[in-house]
Amino acid sequence: MDSYAPLLERTRVPQPSLQRLAVISIFEKLRSAPSYIDSDSDPGTDAISQCLHSTSPAVVDQAVRELCRLVTDSKMELSRGLLELQSAIEGSNSRFVNVFVKAIGFLVHFGFQKNISLFRVESPESHPFVKVLSGGTEVHSELVQQVLLFISQNKGSRMVEDFKIFINIMEYMVDAYTVVLKHLVGVPSLSNEAQLCGLELLETVHSQHSDHHKHFGGSEPIVELSKRLLVVQKELGLPYIPELLLLMSSLFVILIRSELEHEQLPVLKLVLFLLKWKNENEYMVGRAQCDLSEELLFIFPVINFVSSPSTSVKEAATDLLFMLEKVLVNFAIAPKEEPSLQGGFPSISRPASIIFRLLQQLWFQAWISHGQGSIFITQFLLSKFASTGKTDVKEMNNGSKSWLSQLGDYSLWIVERRKSFLPISQSQEIFLTEMPLLLSAITCGLFMHHSLGCAAIDSLAAIGIMDPKLGVTMLLTILFFNNIISSKGIGFHDMLLKLLGMLPSLASHSVMIPLVVQTILPMLHENAKPYVFVHIILYLVLYATATRLLCKTWEINDRAFGSLQFNLYFCFQGVLLPKGFNEFMSERNICISMAASIRDVCRKNPDRGVDLILSVSACIESRDPVIQSLGFQSLAHLCEADVIGCQGLRIKAYNLEAIET
């Protein structure tokens, strides 16, 4: 067990992408491990079991995939793989049952194709599909689908009429619609009406998703139906129309709810198809560059998938992000007047439409001065997207603040209550566990707003502190927007500093510390890579900024340097040595940044501050009153902590100077 303990510990970090990488590492080790720790050994078996019985969707999903790969690559016997999955069903959370049943169906099909004699069992009870029934009623729906899929794949039989009745009816309707549309496409007035009828059909399909997706195999059938209908429209030469907004909003809801790769990939591909269609035809002609676009909602969720270990998901997310970057650049270079509101605010009759309505309302400053409309929408979102409809957001009902400001304050308020082990209400628990990704997407969509961008970044930083699972996505978001600002020459310098200011808060969880520090350190070098941060900002400004960021990272999590055997602390300490004041004597901003960081170290950890006593002396001896003041503050913190006497300051300095020489 000890052989896999470090990797298993990494599966418990909050970030799903890091969890998946840890699972991949475990199974890679199982593939090449010697017999005493391979997949058949006690340590190997225990590691597999822990992954399959994890409470994290990312860990379970990746573990199931890796287990199936072991079997298909002949690294594990088929019977053993089926046994592991069947055991996992019996002790798993009910929300993971479909994943295990899908995997059993896959392995049964694989084994049947490889060697049909493997499934000539002596009694029906021995068949893997029958054994699955012991998992309870939760397995029935997915098991029926897997059995029928197995029959259709291996026997060529038609699906029975009672299989997924709703989806089958919709499939027949899509087929019928396709036939009718092909006859009407030559008549412009009728083809336009027919296209709208098709969208109404899709609306009907998606309106059933929230209630029935668990029983009909998740979102895959609905997304595939949508794509079939839309591909026909595009192939017949029909244009992208504004009414597709509601479909995009529905796909956004599916995407932020999906936790498993087989549900995420079809949605990403469909959204990519829609955006390409939108950009290819006359819908874009004559539109103002600053027209508010529903694509803004997808930025944060898509960035989240860029870190996926799945090549197919990562490729789809990267292609989609490339198109979203163009949308962002258009907003950034557009005139500073408010974007046009075509057609007014959309209806809020469905959860999918209310999200874009909220983004619009925030963008156009509607009711922001009093906040009542936005608070109402927030309450509605909580009631529709949370697992229970009981919500109470009184803490956010402060009319004197903007919605974004209240969102940030409310998130940090919940964090403080959790840190203090104070109770939180049911609605606050829902807000903490089920709303961060949705709210992050909305705030990220406001980044390119000329007046709300900085406030949106503050709110996103607060959400990141509240939900550490989003740490990797937050870091990638910072790098993504920095790259846009740098490569496109966009003058959003205030926003850039705000983005960089988010970095220290991400280090509140230990697993993020190396990533944050490795992002900051290149800024201390004169040849800092331009693709990381804005090359138009001078190296000296970057140096001063990096010094403060390292200090704040250390302040927020004092393990930031100690957890890495102090080597990074000493790198930080080296930035603050007296020679730095000589090297940058003519650069006041850098010297103030160094002096402020020295002061913060002395306040936060006086024992560390003693190591910087020569730097404290350099600050006091400076002719700049601001730097001198910061030096005296540093000295006061050291004396107050009784780590050095005021009378012994100069003696201590001489001793340290002698040690250095």
# chains A, B, ... in the order shown; residues from 1 in each chain; ligands from 1
$ select_by_dssp --residues "region 179-308 of chain A" --states "helix (DSSP H, G or I)" --output "JSON, numbers by chain"
{"A": [179, 180, 181, 182, 183, 184, 188, 189, 190, 191, 192, 193, 194, 195, 196, 197, 198, 199, 200, 201, 202, 203, 204, 205, 206, 207, 209, 210, 211, 212, 220, 221, 222, 223, 224, 225, 226, 227, 228, 229, 230, 231, 232, 233, 234, 235, 242, 243, 244, 245, 246, 247, 248, 249, 250, 251, 252, 253, 254, 255, 256, 257, 261, 262, 263, 264, 265, 266, 267, 268, 269, 270, 271, 272, 273, 274, 275, 276, 277, 278, 279, 280, 282, 283, 284, 294, 295, 296, 297, 298, 299, 300, 301, 302, 303, 304, 305, 306]}
$ residues_around --residues "Glu200 (chain A)" --least-positions-apart "5" --cutoff "10 Å" --atoms "only C-alpha atoms" --output "PDB file with N, CA and C atoms, in the first residue's frame"
ATOM      1  N   ALA A 194     -39.993  26.911 -41.174  1.00  0.00           N
ATOM      2  CA  ALA A 194     -39.637  25.520 -40.853  1.00  0.00           C
ATOM      3  C   ALA A 194     -38.418  25.459 -39.935  1.00  0.00           C
ATOM      4  N   GLN A 195     -37.465  26.373 -40.168  1.00  0.00           N
ATOM      5  CA  GLN A 195     -36.285  26.405 -39.299  1.00  0.00           C
ATOM      6  C   GLN A 195     -36.680  26.742 -37.864  1.00  0.00           C
ATOM      7  N   VAL A 205     -37.183  19.190 -26.551  1.00  0.00           N
ATOM      8  CA  VAL A 205     -36.245  18.139 -26.126  1.00  0.00           C
ATOM      9  C   VAL A 205     -35.435  18.602 -24.918  1.00  0.00           C
ATOM     10  N   HIS A 206     -34.879  19.809 -24.987  1.00  0.00           N
ATOM     11  CA  HIS A 206     -34.009  20.287 -23.914  1.00  0.00           C
ATOM     12  C   HIS A 206     -34.787  20.625 -22.647  1.00  0.00           C
ATOM     13  N   GLU A 243     -32.382  33.088 -32.810  1.00  0.00           N
ATOM     14  CA  GLU A 243     -33.192  32.242 -31.929  1.00  0.00           C
ATOM     15  C   GLU A 243     -32.421  31.047 -31.377  1.00  0.00           C
ATOM     16  N   LEU A 247     -30.826  27.659 -27.326  1.00  0.00           N
ATOM     17  CA  LEU A 247     -30.137  26.366 -27.396  1.00  0.00           C
ATOM     18  C   LEU A 247     -28.733  26.480 -26.819  1.00  0.00           C
TER      19      LEU A 247
END
$ residues_around --residues "Leu270 (chain A)" --least-positions-apart "5" --cutoff "10 Å" --atoms "only C-alpha atoms" --output "PyMOL selection string"
chain A and resi 223-224+226-227+230-231+248+251+265+275-276+316
$ write_last_selection --atoms "N, CA and C atoms" --output "compact mmCIF listing (two decimals), in the first residue's frame"
# COMPACT_ATOMS: atom_id res chain seq x y z
N VAL A 223 -28.11 15.72 -26.85
CA VAL A 223 -27.12 16.48 -27.61
C VAL A 223 -26.99 15.92 -29.03
N GLU A 224 -27.00 14.60 -29.16
CA GLU A 224 -26.89 13.98 -30.49
C GLU A 224 -28.10 14.31 -31.35
N SER A 226 -29.92 17.00 -31.09
CA SER A 226 -29.78 18.41 -31.45
C SER A 226 -28.83 18.56 -32.63
N LYS A 227 -27.72 17.85 -32.58
CA LYS A 227 -26.73 18.00 -33.64
C LYS A 227 -27.27 17.47 -34.97
N LEU A 230 -29.56 20.16 -36.42
CA LEU A 230 -28.84 21.38 -36.82
C LEU A 230 -27.93 21.15 -38.01
N VAL A 231 -27.32 19.98 -38.10
CA VAL A 231 -26.46 19.66 -39.24
C VAL A 231 -27.28 19.66 -40.53
N MET A 248 -28.02 27.56 -27.16
CA MET A 248 -26.67 27.76 -26.61
C MET A 248 -26.72 27.83 -25.09
N LEU A 251 -27.13 24.35 -23.73
CA LEU A 251 -25.87 23.61 -23.81
C LEU A 251 -24.90 24.06 -22.71
N LEU A 265 -17.72 15.81 -23.96
CA LEU A 265 -17.19 15.90 -25.31
C LEU A 265 -18.26 16.22 -26.36
N LEU A 275 -20.70 27.68 -33.30
CA LEU A 275 -19.91 28.91 -33.45
C LEU A 275 -19.32 29.02 -34.85
N LYS A 276 -18.89 27.89 -35.41
CA LYS A 276 -18.37 27.92 -36.78
C LYS A 276 -19.48 28.30 -37.76
N ALA A 316 -10.93 19.45 -28.36
CA ALA A 316 -12.19 20.15 -28.61
C ALA A 316 -12.24 21.46 -27.84
$ residues_around --residues "region 631-647 of chain A" --least-positions-apart "3" --cutoff "9 Å" --atoms "only C-alpha atoms" --output "PyMOL selection string"
chain A and resi 595-596+598-607+609-610+613+615-622+626-628+650-652
$ residues_around --residues "region 9-23 of chain A" --least-positions-apart "2" --cutoff "6 Å" --atoms "only C-alpha atoms" --output "ChimeraX atom specification"
/A:6-7,25-26,58-59,62,308,468-469
$ atom_distance --atom1 "CA of Val541 (chain A)" --atom2 "CA of Arg623 (chain A)"
21.4 Å
$ closest_residue --among "A:Leu614, A:Leu201, A:Leu149, A:Ile424" --to "Tyr172 (chain A)" --atoms "only C-alpha atoms"
A:Leu201
$ residues_around --residues "region 233-239 of chain A" --least-positions-apart "4" --cutoff "12 Å" --atoms "only C-alpha atoms" --output "PyMOL selection string"
chain A and resi 174+177-199+226-229+243-244+273-274+276-285
$ write_last_selection --atoms "N, CA and C atoms" --output "tab-separated table (two decimals), in the first residue's frame"
chain	number	residue	atom	x	y	z
A	174	VAL	N	-37.54	14.10	-35.47
A	174	VAL	CA	-36.42	14.73	-36.17
A	174	VAL	C	-36.32	14.19	-37.59
A	177	TYR	N	-39.15	15.70	-39.52
A	177	TYR	CA	-38.85	17.12	-39.75
A	177	TYR	C	-37.84	17.28	-40.88
A	178	THR	N	-36.85	16.42	-40.94
A	178	THR	CA	-35.82	16.48	-41.98
A	178	THR	C	-36.44	16.31	-43.36
A	179	VAL	N	-37.35	15.38	-43.47
A	179	VAL	CA	-38.00	15.14	-44.76
A	179	VAL	C	-38.79	16.37	-45.20
A	180	VAL	N	-39.57	16.94	-44.27
A	180	VAL	CA	-40.38	18.11	-44.59
A	180	VAL	C	-39.49	19.30	-44.95
A	181	LEU	N	-38.42	19.49	-44.18
A	181	LEU	CA	-37.54	20.64	-44.41
A	181	LEU	C	-36.91	20.58	-45.79
A	182	LYS	N	-36.54	19.41	-46.24
A	182	LYS	CA	-35.92	19.28	-47.56
A	182	LYS	C	-36.87	19.69	-48.68
A	183	HIS	N	-38.18	19.51	-48.44
A	183	HIS	CA	-39.16	19.91	-49.45
A	183	HIS	C	-39.42	21.40	-49.43
A	184	LEU	N	-39.23	22.03	-48.25
A	184	LEU	CA	-39.58	23.44	-48.10
A	184	LEU	C	-38.40	24.38	-48.30
A	185	VAL	N	-37.20	23.84	-48.37
A	185	VAL	CA	-36.01	24.68	-48.34
A	185	VAL	C	-35.92	25.62	-49.54
A	186	GLY	N	-36.59	25.30	-50.62
A	186	GLY	CA	-36.53	26.16	-51.80
A	186	GLY	C	-37.41	27.39	-51.72
A	187	VAL	N	-38.31	27.40	-50.73
A	187	VAL	CA	-39.23	28.53	-50.57
A	187	VAL	C	-38.79	29.34	-49.36
A	188	PRO	N	-38.21	30.55	-49.55
A	188	PRO	CA	-37.61	31.30	-48.43
A	188	PRO	C	-38.55	31.51	-47.25
A	189	SER	N	-39.78	31.93	-47.51
A	189	SER	CA	-40.69	32.22	-46.39
A	189	SER	C	-41.03	30.96	-45.60
A	190	LEU	N	-41.22	29.86	-46.32
A	190	LEU	CA	-41.57	28.61	-45.65
A	190	LEU	C	-40.35	27.99	-44.97
A	191	SER	N	-39.19	28.11	-45.60
A	191	SER	CA	-37.99	27.50	-45.00
A	191	SER	C	-37.62	28.20	-43.69
A	192	ASN	N	-37.84	29.52	-43.64
A	192	ASN	CA	-37.56	30.24	-42.40
A	192	ASN	C	-38.49	29.78	-41.29
A	193	GLU	N	-39.77	29.62	-41.65
A	193	GLU	CA	-40.74	29.14	-40.65
A	193	GLU	C	-40.42	27.72	-40.22
A	194	ALA	N	-39.99	26.91	-41.17
A	194	ALA	CA	-39.64	25.52	-40.85
A	194	ALA	C	-38.42	25.46	-39.93
A	195	GLN	N	-37.47	26.37	-40.17
A	195	GLN	CA	-36.28	26.41	-39.30
A	195	GLN	C	-36.68	26.74	-37.86
A	196	LEU	N	-37.58	27.70	-37.71
A	196	LEU	CA	-38.06	28.06	-36.37
A	196	LEU	C	-38.81	26.91	-35.71
A	197	CYS	N	-39.57	26.16	-36.52
A	197	CYS	CA	-40.26	24.98	-35.97
A	197	CYS	C	-39.26	23.95	-35.46
A	198	GLY	N	-38.15	23.81	-36.19
A	198	GLY	CA	-37.11	22.88	-35.74
A	198	GLY	C	-36.52	23.29	-34.40
A	199	LEU	N	-36.34	24.59	-34.21
A	199	LEU	CA	-35.81	25.08	-32.94
A	199	LEU	C	-36.81	24.87	-31.81
A	226	SER	N	-29.92	17.00	-31.09
A	226	SER	CA	-29.78	18.41	-31.45
A	226	SER	C	-28.83	18.56	-32.63
A	227	LYS	N	-27.72	17.85	-32.58
A	227	LYS	CA	-26.73	18.00	-33.64
A	227	LYS	C	-27.27	17.47	-34.97
A	228	ARG	N	-28.00	16.37	-34.92
A	228	ARG	CA	-28.59	15.82	-36.16
A	228	ARG	C	-29.47	16.86	-36.85
A	229	LEU	N	-30.33	17.48	-36.08
A	229	LEU	CA	-31.26	18.45	-36.65
A	229	LEU	C	-30.53	19.68	-37.18
A	243	GLU	N	-32.38	33.09	-32.81
A	243	GLU	CA	-33.19	32.24	-31.93
A	243	GLU	C	-32.42	31.05	-31.38
A	244	LEU	N	-31.24	30.78	-31.93
A	244	LEU	CA	-30.40	29.69	-31.40
A	244	LEU	C	-29.78	30.04	-30.06
A	273	PHE	N	-19.44	23.48	-33.34
A	273	PHE	CA	-20.16	23.45	-34.62
A	273	PHE	C	-21.03	24.70	-34.77
A	274	LEU	N	-21.74	25.10	-33.69
A	274	LEU	CA	-22.62	26.26	-33.75
A	274	LEU	C	-21.84	27.55	-33.97
A	276	LYS	N	-18.89	27.89	-35.41
A	276	LYS	CA	-18.37	27.92	-36.78
A	276	LYS	C	-19.48	28.30	-37.76
A	277	TRP	N	-20.65	27.74	-37.55
A	277	TRP	CA	-21.80	28.07	-38.39
A	277	TRP	C	-22.13	29.56	-38.27
A	278	LYS	N	-22.11	30.05	-37.06
A	278	LYS	CA	-22.43	31.46	-36.80
A	278	LYS	C	-21.46	32.39	-37.52
A	279	ASN	N	-20.19	32.01	-37.57
A	279	ASN	CA	-19.17	32.87	-38.16
A	279	ASN	C	-19.06	32.73	-39.68
A	280	GLU	N	-19.70	31.69	-40.22
A	280	GLU	CA	-19.56	31.42	-41.64
A	280	GLU	C	-20.59	32.13	-42.51
A	281	ASN	N	-21.73	32.57	-41.93
A	281	ASN	CA	-22.80	33.08	-42.78
A	281	ASN	C	-23.16	34.51	-42.49
A	282	GLU	N	-24.20	34.98	-43.13
A	282	GLU	CA	-24.55	36.39	-43.13
A	282	GLU	C	-25.07	36.88	-41.79
A	283	TYR	N	-25.28	36.00	-40.83
A	283	TYR	CA	-25.75	36.46	-39.51
A	283	TYR	C	-24.78	37.48	-38.92
A	284	MET	N	-23.48	37.33	-39.24
A	284	MET	CA	-22.48	38.23	-38.67
A	284	MET	C	-22.39	39.55	-39.42
A	285	VAL	N	-22.92	39.61	-40.66
A	285	VAL	CA	-22.80	40.82	-41.46
A	285	VAL	C	-23.64	41.93	-40.85
$ atom_distance --atom1 "CA of Leu437 (chain A)" --atom2 "CA of Val327 (chain A)"
21.0 Å
$ residues_around --residues "Cys551 (chain A)" --least-positions-apart "4" --cutoff "7 Å" --atoms "only C-alpha atoms" --output "list of chain:residue names"
A:Thr547, A:Glu555, A:Ser597
$ atom_distance --atom1 "CA of Ala462 (chain A)" --atom2 "CA of Leu292 (chain A)"
25.2 Å
